[in-house]
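J.: Got input03.cif for you, mmCIF, C-alpha atoms:
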data_my_file
#
loop_
_atom_site.label_atom_id
_atom_site.label_comp_id
_atom_site.auth_asym_id
_atom_site.auth_seq_id
_atom_site.Cartn_x
_atom_site.Cartn_y
_atom_site.Cartn_z
CA MET A 13 0.00 0.00 0.00
CA THR A 14 1.77 3.10 -1.20
CA PRO A 15 0.96 6.67 -0.11
CA ALA A 16 -0.07 7.39 -3.71
CA PHE A 17 -2.84 4.83 -3.38
CA TYR A 18 -4.22 6.47 -0.22
CA ILE A 19 -4.13 9.95 -1.76
CA LEU A 20 -5.83 8.81 -4.97
CA ALA A 21 -8.41 6.75 -3.11
CA ALA A 22 -9.24 9.72 -0.86
CA LEU A 23 -9.52 12.01 -3.91
CA THR A 24 -11.79 9.58 -5.76
CA LEU A 25 -14.06 8.90 -2.80
CA ALA A 26 -14.27 12.61 -1.92
CA GLY A 27 -15.26 13.38 -5.51
CA GLY A 28 -17.89 10.65 -5.49
CA LEU A 29 -19.32 11.75 -2.15
CA ALA A 30 -19.46 15.38 -3.25
CA ALA A 31 -21.17 14.37 -6.50
CA VAL A 32 -23.87 12.58 -4.54
CA LEU A 33 -24.31 15.10 -1.71
CA LEU A 34 -23.92 18.60 -3.20
CA ARG A 35 -27.02 20.72 -3.77
CA ASN A 36 -26.08 22.47 -6.99
CA VAL A 37 -26.23 20.11 -9.96
CA VAL A 38 -23.38 21.84 -11.80
CA HIS A 39 -21.15 21.37 -8.75
CA CYS A 40 -22.15 17.69 -8.77
CA ALA A 41 -21.00 17.40 -12.39
CA LEU A 42 -17.66 19.00 -11.51
CA ALA A 43 -17.25 16.70 -8.50
CA VAL A 44 -18.00 13.62 -10.56
CA SER A 45 -15.35 14.62 -13.09
CA VAL A 46 -12.90 14.82 -10.15
CA ALA A 47 -13.96 11.28 -9.20
CA PHE A 48 -13.47 10.10 -12.79
CA ALA A 49 -10.01 11.69 -12.91
CA GLY A 50 -9.12 10.04 -9.60
CA LEU A 51 -10.20 6.69 -11.00
CA ALA A 52 -8.06 7.27 -14.09
CA LEU A 53 -5.08 7.96 -11.81
CA LEU A 54 -5.86 4.78 -9.88
CA PHE A 55 -5.80 2.88 -13.19
CA LEU A 56 -2.41 4.44 -13.95
CA ASN A 57 -1.29 3.46 -10.46
CA LEU A 58 -2.29 -0.12 -11.34
CA ASP A 59 -0.02 -0.03 -14.43
CA ALA A 60 -3.02 0.00 -16.76
CA GLN A 61 -1.91 2.96 -18.84
CA PHE A 62 -4.26 2.34 -21.75
CA ALA A 63 -7.33 2.06 -19.53
CA GLY A 64 -6.25 5.13 -17.56
CA PHE A 65 -5.91 7.34 -20.62
CA ALA A 66 -9.10 5.90 -22.12
CA GLN A 67 -10.83 6.79 -18.85
CA ILE A 68 -9.54 10.37 -19.02
CA LEU A 69 -10.54 10.75 -22.68
CA ILE A 70 -13.97 9.18 -22.40
CA TYR A 71 -15.13 10.10 -18.90
CA VAL A 72 -13.41 13.38 -18.08
CA GLY A 73 -13.51 14.46 -21.71
CA ALA A 74 -16.83 13.24 -23.05
CA VAL A 75 -19.21 12.00 -20.36
CA ALA A 76 -18.66 14.98 -18.05
CA ILE A 77 -19.26 17.40 -20.94
CA LEU A 78 -22.38 15.43 -21.89
CA VAL A 79 -23.65 15.68 -18.31
CA VAL A 80 -23.05 19.43 -18.27
CA PHE A 81 -24.91 19.81 -21.58
CA ALA A 82 -27.83 17.79 -20.21
CA ILE A 83 -27.90 19.95 -17.07
CA LEU A 84 -27.94 23.15 -19.10
CA LEU A 85 -30.57 21.84 -21.54
CA THR A 86 -32.89 20.74 -18.74
CA ARG A 87 -32.27 23.89 -16.64
CA SER A 88 -31.63 21.75 -13.57
CA SER A 89 -29.15 24.28 -12.24
CA GLU A 90 -31.70 27.05 -11.88
CA GLU A 91 -33.95 25.63 -9.19
CA GLY A 92 -32.29 26.65 -5.95
CA SER A 93 -34.95 25.69 -3.45
CA GLY A 94 -36.72 22.37 -3.13
CA ARG A 95 -35.65 19.03 -1.85
CA VAL A 96 -32.55 17.38 -3.25
CA PHE A 97 -33.24 13.89 -1.96
CA SER A 98 -36.36 11.82 -2.41
CA ASN A 99 -38.85 11.02 0.34
CA ARG A 100 -37.48 7.54 0.87
CA TRP A 101 -33.85 8.60 1.09
CA LEU A 102 -33.39 6.63 4.32
CA ALA A 103 -34.32 3.36 2.58
CA GLY A 104 -31.83 4.08 -0.20
CA LEU A 105 -29.13 4.89 2.32
CA VAL A 106 -29.81 1.69 4.25
CA ILE A 107 -29.69 -0.38 1.05
CA ALA A 108 -26.39 1.22 -0.01
CA ALA A 109 -24.89 0.66 3.47
CA ALA A 110 -26.03 -2.97 3.42
CA VAL A 111 -24.48 -3.51 -0.01
CA PHE A 112 -21.21 -1.99 1.18
CA ALA A 113 -21.29 -4.12 4.34
CA VAL A 114 -21.75 -7.31 2.33
CA LEU A 115 -19.05 -6.36 -0.21
CA GLY A 116 -16.60 -5.29 2.49
CA TRP A 117 -17.24 -8.43 4.52
CA ALA A 118 -16.68 -10.58 1.44
CA VAL A 119 -13.46 -8.76 0.55
CA LEU A 120 -12.03 -8.86 4.06
CA HIS A 121 -12.99 -12.45 4.86
CA SER A 122 -12.00 -14.11 1.61
CA THR A 123 -8.66 -15.82 1.92
CA SER A 124 -6.86 -14.63 -1.13
CA ALA A 125 -4.89 -17.19 -3.05
CA LEU A 126 -3.25 -14.43 -5.01
CA PRO A 127 0.22 -13.20 -4.17
CA ALA A 128 0.35 -9.88 -2.39
CA GLU A 129 2.93 -8.23 -4.63
CA THR A 130 3.54 -9.08 -8.24
CA ALA A 131 5.83 -7.49 -10.75
CA ALA A 132 4.23 -4.87 -12.93
CA PRO A 133 3.02 -6.49 -16.15
CA ALA A 134 4.91 -5.21 -19.16
CA VAL A 135 2.04 -4.33 -21.48
CA ASN A 136 2.37 -1.72 -24.19
CA VAL A 137 -0.12 -0.36 -26.67
CA HIS A 138 1.23 -2.65 -29.38
CA ASP A 139 0.20 -5.71 -27.34
CA ILE A 140 -3.24 -4.25 -26.76
CA GLY A 141 -3.68 -3.48 -30.46
CA THR A 142 -2.60 -6.97 -31.42
CA ALA A 143 -5.01 -8.48 -28.90
CA LEU A 144 -7.86 -6.25 -30.11
CA MET A 145 -7.26 -7.26 -33.72
CA GLY A 146 -6.73 -10.92 -32.84
CA ARG A 147 -8.40 -12.55 -29.90
CA TYR A 148 -10.88 -9.75 -29.13
CA VAL A 149 -11.87 -8.82 -32.68
CA LEU A 150 -15.47 -10.01 -32.32
CA PRO A 151 -16.16 -7.97 -29.13
CA LEU A 152 -14.50 -5.00 -30.84
CA GLU A 153 -16.87 -5.23 -33.80
CA ILE A 154 -19.86 -5.66 -31.49
CA VAL A 155 -18.82 -2.57 -29.52
CA ALA A 156 -18.46 -0.64 -32.77
CA LEU A 157 -22.01 -1.67 -33.75
CA LEU A 158 -23.30 -0.82 -30.27
CA LEU A 159 -21.70 2.63 -30.32
CA THR A 160 -23.17 3.37 -33.76
CA ALA A 161 -26.62 2.22 -32.63
CA ALA A 162 -26.33 4.22 -29.40
CA LEU A 163 -25.29 7.34 -31.30
CA ILE A 164 -28.22 7.09 -33.72
CA GLY A 165 -30.58 6.16 -30.89
CA ALA A 166 -29.53 9.07 -28.69
CA VAL A 167 -29.99 11.52 -31.56
CA ILE A 168 -33.42 10.11 -32.42
CA VAL A 169 -34.58 10.06 -28.79
CA ALA A 170 -33.43 13.62 -28.10
CA LEU A 171 -34.60 14.92 -31.49
CA HIS A 172 -37.26 17.58 -31.23
CA GLU A 173 -40.41 16.09 -32.72
CA ARG A 174 -42.63 18.94 -33.89
CA GLU A 175 -45.46 17.07 -35.56
CA GLY A 176 -45.78 14.40 -32.87
CA ALA A 177 -45.73 16.80 -29.93
CA LYS A 178 -48.88 18.18 -28.45
CA MET B 26 -3.89 -5.66 4.00
CA THR B 27 -2.70 -6.49 0.53
CA PRO B 28 -2.93 -3.89 -2.25
CA LEU B 29 -5.67 -5.91 -3.94
CA THR B 30 -7.79 -5.73 -0.78
CA GLY B 31 -7.32 -1.98 -0.65
CA TYR B 32 -8.43 -1.49 -4.24
CA LEU B 33 -11.40 -3.81 -3.75
CA LEU B 34 -12.48 -1.89 -0.64
CA VAL B 35 -12.21 1.45 -2.47
CA ALA B 36 -14.27 0.00 -5.33
CA ALA B 37 -16.89 -1.34 -2.89
CA LEU B 38 -17.13 2.06 -1.18
CA LEU B 39 -17.43 3.86 -4.52
CA PHE B 40 -20.13 1.40 -5.60
CA ALA B 41 -22.05 2.05 -2.38
CA ILE B 42 -21.75 5.83 -2.87
CA GLY B 43 -23.02 5.52 -6.44
CA LEU B 44 -25.87 3.26 -5.34
CA ALA B 45 -26.87 5.70 -2.60
CA GLY B 46 -26.83 8.54 -5.14
CA ALA B 47 -28.88 6.61 -7.67
CA LEU B 48 -31.44 5.61 -5.04
CA THR B 49 -31.83 8.88 -3.15
CA ARG B 50 -31.34 11.81 -5.54
CA ARG B 51 -34.41 13.34 -7.17
CA ASN B 52 -32.70 14.74 -10.25
CA ALA B 53 -32.60 12.17 -13.07
CA ILE B 54 -29.17 13.41 -14.23
CA LEU B 55 -27.73 12.70 -10.80
CA VAL B 56 -29.30 9.25 -10.84
CA LEU B 57 -27.35 8.67 -14.06
CA ILE B 58 -24.19 10.02 -12.40
CA GLY B 59 -24.68 7.48 -9.60
CA ILE B 60 -24.99 4.69 -12.16
CA GLU B 61 -21.78 5.89 -13.84
CA LEU B 62 -19.99 5.79 -10.48
CA MET B 63 -21.15 2.19 -9.96
CA LEU B 64 -19.89 1.20 -13.43
CA ASN B 65 -16.55 2.83 -12.69
CA ALA B 66 -16.24 0.94 -9.41
CA ALA B 67 -16.75 -2.29 -11.32
CA ASN B 68 -14.02 -1.22 -13.77
CA LEU B 69 -11.65 -0.60 -10.87
CA ASN B 70 -12.33 -4.14 -9.64
CA LEU B 71 -11.60 -5.58 -13.09
CA ILE B 72 -8.32 -3.72 -13.42
CA ALA B 73 -7.22 -4.55 -9.87
CA PHE B 74 -7.84 -8.24 -10.45
CA TRP B 75 -6.02 -8.02 -13.79
CA ARG B 76 -3.01 -6.38 -12.11
CA TYR B 77 -2.73 -8.72 -9.13
CA GLY B 78 -4.15 -11.90 -10.65
CA PRO B 79 -2.25 -14.62 -12.47
CA HIS B 80 -1.38 -14.17 -16.16
CA PRO B 81 -1.72 -10.40 -16.60
CA GLU B 82 -0.09 -10.82 -20.02
CA ALA B 83 -3.36 -12.38 -21.26
CA LEU B 84 -4.92 -8.87 -20.95
CA THR B 85 -8.33 -10.28 -20.07
CA GLY B 86 -9.28 -7.90 -17.26
CA LEU B 87 -7.84 -4.87 -19.04
CA MET B 88 -9.82 -5.63 -22.19
CA PHE B 89 -12.96 -6.22 -20.13
CA ALA B 90 -12.51 -2.81 -18.52
CA VAL B 91 -11.87 -1.06 -21.86
CA PHE B 92 -14.98 -2.60 -23.40
CA SER B 93 -16.92 -1.71 -20.26
CA ILE B 94 -15.81 1.93 -20.60
CA ALA B 95 -17.04 1.95 -24.22
CA VAL B 96 -20.42 0.46 -23.26
CA ALA B 97 -20.73 2.94 -20.37
CA ALA B 98 -20.14 5.81 -22.82
CA ALA B 99 -22.99 4.51 -24.99
CA GLU B 100 -25.17 4.17 -21.90
CA ALA B 101 -24.45 7.74 -20.84
CA ALA B 102 -25.31 9.11 -24.29
CA VAL B 103 -28.62 7.25 -24.50
CA GLY B 104 -29.50 7.94 -20.85
CA LEU B 105 -28.92 11.67 -21.12
CA GLY B 106 -30.83 11.73 -24.42
CA LEU B 107 -33.75 10.09 -22.60
CA VAL B 108 -33.52 12.64 -19.78
CA ILE B 109 -33.65 15.52 -22.29
CA SER B 110 -36.60 13.89 -24.06
CA ILE B 111 -38.48 13.39 -20.77
CA TYR B 112 -37.77 16.99 -19.80
CA ARG B 113 -39.25 18.16 -23.08
CA HIS B 114 -42.47 16.22 -22.41
CA THR B 115 -42.96 16.82 -18.69
CA LYS B 116 -40.88 19.98 -18.05
CA THR B 117 -39.23 18.32 -15.07
CA VAL B 118 -36.31 16.02 -14.37
CA GLU B 119 -37.34 15.12 -10.82
CA VAL B 120 -37.77 11.37 -10.90
CA ASP B 121 -40.55 11.28 -8.29
CA GLU B 122 -42.66 13.69 -10.35
CA ILE B 123 -42.37 11.56 -13.49
CA ASN B 124 -45.14 9.18 -12.48
CA ARG B 125 -47.18 8.86 -15.66
CA MET B 126 -46.55 6.50 -18.54
CA LYS B 127 -48.71 8.64 -20.86
CA GLY B 128 -46.61 11.22 -22.67
#
Could you show the structure in this file as structure tokens?
T.:
Amino acid sequence: MTPAFYILAALTLAGGLAAVLLRNVVHCALAVSVAFAGLALLFLNLDAQFAGFAQILIYVGAVAILVVFAILLTRSSEEGSGRVFSNRWLAGLVIAAAVFAVLGWAVLHSTSALPAETAAPAVNVHDIGTALMGRYVLPLEIVALLLTAALIGAVIVALHEREGAK
Amino acid sequence: MTPLTGYLLVAALLFAIGLAGALTRRNAILVLIGIELMLNAANLNLIAFWRYGPHPEALTGLMFAVFSIAVAAAEAAVGLGLVISIYRHTKTVEVDEINRMKG
């Protein structure tokens, strides 16, 4: 356990907590991008460079911007008063705490057969590209199809329908 | 505590935070943010197991996480498109006020 891990874990969890707890929706979007960046740094800390930079590009770059656009288009940031949490927030909190208790218990009580410290795997982008074009070519094509369908679907769903609207 | 245990605990805590956000917030966009946090916690688990598991050179966990990031991006695009569409119909994004199936 290195100090870098503790710092990054604290940053990520603080970003996640702020994203869930803050009142202003725009502040929540900023906090969640901090959490995404912290996760990307955790990936880099785990020697997964490709996943870390993909996380920065996709989450900090695209998803956070998309969230901000959605907030601005739905004018969620304007309503200052009003409740932030739903009526049954206590039930949600209890469920989340129970899930964390079960997960934490399982993690702490499972006798790990894995070695505590292993050498960092030497993986470069060339290996990942070869694997994507070889063993993982079918999932890659399916993801390409899924992304195309999602792009078209998102545009169609969010398209302003004049003649159909009341 | 081994490093793997630490990463798994951080991922479990992040998952719980995301679940609490998705279950308790009223704004639909923040429900989506909670779901994104849960997906990211799962990705952290995958990468931690890839790093500390046997045969990291097989790239299985890393590839799983990369594909999961791509699917999560598609999910975010469609989800936010749905939120914008719902807002256009009902003029609200509070999930407990969206209680009609008729548009």
J.: Could you tell me how far atom CA of A:Gly104 lies from atom CA of A:Val119, in Å and to one decimal?
T.: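 These two atoms are separated by 22.4 Å.
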J.: Which residues are close to stretch 78-88 of chain A, i.e. within 7 Å by all atoms listed in the file, leaving aside same-chain residues fewer than 6 positions away? Reply as a PyMOL selection string.
T.: (chain A and resi 37-38+41) or (chain B and resi 105+109+112)
J.: Once you count only C-alpha atoms, which residues of chain B turn out to be within 7 Å of chain A? Could you give them as a VMD selection string?
T.: chain B and resid 27 to 28 30 33 to 35 37 to 39 41 to 42 44 to 46 48 to 51 73 76 to 78 81 to 82 87 91 98 to 99 101 to 103 105 to 107 109 to 110 112
J.: Can you write out the residues you just picked, keeping C-alpha atoms, as a PDB file, keeping the file's coordinate frame?
T.:
ATOM      1  CA  THR B  27      -2.700  -6.490   0.530  1.00  0.00           C
ATOM      2  CA  PRO B  28      -2.930  -3.890  -2.250  1.00  0.00           C
ATOM      3  CA  THR B  30      -7.790  -5.730  -0.780  1.00  0.00           C
ATOM      4  CA  LEU B  33     -11.400  -3.810  -3.750  1.00  0.00           C
ATOM      5  CA  LEU B  34     -12.480  -1.890  -0.640  1.00  0.00           C
ATOM      6  CA  VAL B  35     -12.210   1.450  -2.470  1.00  0.00           C
ATOM      7  CA  ALA B  37     -16.890  -1.340  -2.890  1.00  0.00           C
ATOM      8  CA  LEU B  38     -17.130   2.060  -1.180  1.00  0.00           C
ATOM      9  CA  LEU B  39     -17.430   3.860  -4.520  1.00  0.00           C
ATOM     10  CA  ALA B  41     -22.050   2.050  -2.380  1.00  0.00           C
ATOM     11  CA  ILE B  42     -21.750   5.830  -2.870  1.00  0.00           C
ATOM     12  CA  LEU B  44     -25.870   3.260  -5.340  1.00  0.00           C
ATOM     13  CA  ALA B  45     -26.870   5.700  -2.600  1.00  0.00           C
ATOM     14  CA  GLY B  46     -26.830   8.540  -5.140  1.00  0.00           C
ATOM     15  CA  LEU B  48     -31.440   5.610  -5.040  1.00  0.00           C
ATOM     16  CA  THR B  49     -31.830   8.880  -3.150  1.00  0.00           C
ATOM     17  CA  ARG B  50     -31.340  11.810  -5.540  1.00  0.00           C
ATOM     18  CA  ARG B  51     -34.410  13.340  -7.170  1.00  0.00           C
ATOM     19  CA  ALA B  73      -7.220  -4.550  -9.870  1.00  0.00           C
ATOM     20  CA  ARG B  76      -3.010  -6.380 -12.110  1.00  0.00           C
ATOM     21  CA  TYR B  77      -2.730  -8.720  -9.130  1.00  0.00           C
ATOM     22  CA  GLY B  78      -4.150 -11.900 -10.650  1.00  0.00           C
ATOM     23  CA  PRO B  81      -1.720 -10.400 -16.600  1.00  0.00           C
ATOM     24  CA  GLU B  82      -0.090 -10.820 -20.020  1.00  0.00           C
ATOM     25  CA  LEU B  87      -7.840  -4.870 -19.040  1.00  0.00           C
ATOM     26  CA  VAL B  91     -11.870  -1.060 -21.860  1.00  0.00           C
ATOM     27  CA  ALA B  98     -20.140   5.810 -22.820  1.00  0.00           C
ATOM     28  CA  ALA B  99     -22.990   4.510 -24.990  1.00  0.00           C
ATOM     29  CA  ALA B 101     -24.450   7.740 -20.840  1.00  0.00           C
ATOM     30  CA  ALA B 102     -25.310   9.110 -24.290  1.00  0.00           C
ATOM     31  CA  VAL B 103     -28.620   7.250 -24.500  1.00  0.00           C
ATOM     32  CA  LEU B 105     -28.920  11.670 -21.120  1.00  0.00           C
ATOM     33  CA  GLY B 106     -30.830  11.730 -24.420  1.00  0.00           C
ATOM     34  CA  LEU B 107     -33.750  10.090 -22.600  1.00  0.00           C
ATOM     35  CA  ILE B 109     -33.650  15.520 -22.290  1.00  0.00           C
ATOM     36  CA  SER B 110     -36.600  13.890 -24.060  1.00  0.00           C
ATOM     37  CA  TYR B 112     -37.770  16.990 -19.800  1.00  0.00           C
TER      38      TYR B 112
END
J.: When you draw a straight line from atom CA of B:Phe40 to atom CA of B:Gly104, how long is it in Å?
T.: 19.1 Å
J.: Atom CA of B:Asn65 and atom CA of B:Ala36 are how many Å apart?
T.: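 Spanning atom CA of B:Asn65 to atom CA of B:Ala36 is a straight-line distance of 8.2 Å.
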J.: Could you pull stretch 30-62 of chain B out of the block above and give me C-alpha atoms, as a PDB file, in the first residue's frame?
T.:
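Here's the written file decode15.pdb:
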ATOM      1  CA  THR B  30      -7.787  -5.729  -0.779  1.00  0.00           C
ATOM      2  CA  GLY B  31      -7.318  -1.976  -0.653  1.00  0.00           C
ATOM      3  CA  TYR B  32      -8.433  -1.490  -4.238  1.00  0.00           C
ATOM      4  CA  LEU B  33     -11.401  -3.808  -3.755  1.00  0.00           C
ATOM      5  CA  LEU B  34     -12.484  -1.890  -0.637  1.00  0.00           C
ATOM      6  CA  VAL B  35     -12.208   1.450  -2.472  1.00  0.00           C
ATOM      7  CA  ALA B  36     -14.267  -0.004  -5.330  1.00  0.00           C
ATOM      8  CA  ALA B  37     -16.894  -1.338  -2.894  1.00  0.00           C
ATOM      9  CA  LEU B  38     -17.133   2.061  -1.175  1.00  0.00           C
ATOM     10  CA  LEU B  39     -17.429   3.858  -4.519  1.00  0.00           C
ATOM     11  CA  PHE B  40     -20.130   1.399  -5.605  1.00  0.00           C
ATOM     12  CA  ALA B  41     -22.052   2.050  -2.381  1.00  0.00           C
ATOM     13  CA  ILE B  42     -21.746   5.832  -2.874  1.00  0.00           C
ATOM     14  CA  GLY B  43     -23.018   5.515  -6.442  1.00  0.00           C
ATOM     15  CA  LEU B  44     -25.874   3.261  -5.337  1.00  0.00           C
ATOM     16  CA  ALA B  45     -26.872   5.702  -2.596  1.00  0.00           C
ATOM     17  CA  GLY B  46     -26.826   8.537  -5.135  1.00  0.00           C
ATOM     18  CA  ALA B  47     -28.880   6.610  -7.666  1.00  0.00           C
ATOM     19  CA  LEU B  48     -31.444   5.615  -5.043  1.00  0.00           C
ATOM     20  CA  THR B  49     -31.832   8.878  -3.146  1.00  0.00           C
ATOM     21  CA  ARG B  50     -31.339  11.807  -5.536  1.00  0.00           C
ATOM     22  CA  ARG B  51     -34.407  13.338  -7.172  1.00  0.00           C
ATOM     23  CA  ASN B  52     -32.697  14.740 -10.252  1.00  0.00           C
ATOM     24  CA  ALA B  53     -32.597  12.167 -13.068  1.00  0.00           C
ATOM     25  CA  ILE B  54     -29.174  13.412 -14.233  1.00  0.00           C
ATOM     26  CA  LEU B  55     -27.727  12.698 -10.799  1.00  0.00           C
ATOM     27  CA  VAL B  56     -29.304   9.249 -10.837  1.00  0.00           C
ATOM     28  CA  LEU B  57     -27.354   8.671 -14.063  1.00  0.00           C
ATOM     29  CA  ILE B  58     -24.195  10.015 -12.402  1.00  0.00           C
ATOM     30  CA  GLY B  59     -24.679   7.477  -9.601  1.00  0.00           C
ATOM     31  CA  ILE B  60     -24.986   4.691 -12.156  1.00  0.00           C
ATOM     32  CA  GLU B  61     -21.782   5.888 -13.838  1.00  0.00           C
ATOM     33  CA  LEU B  62     -19.991   5.786 -10.480  1.00  0.00           C
TER      34      LEU B  62
END
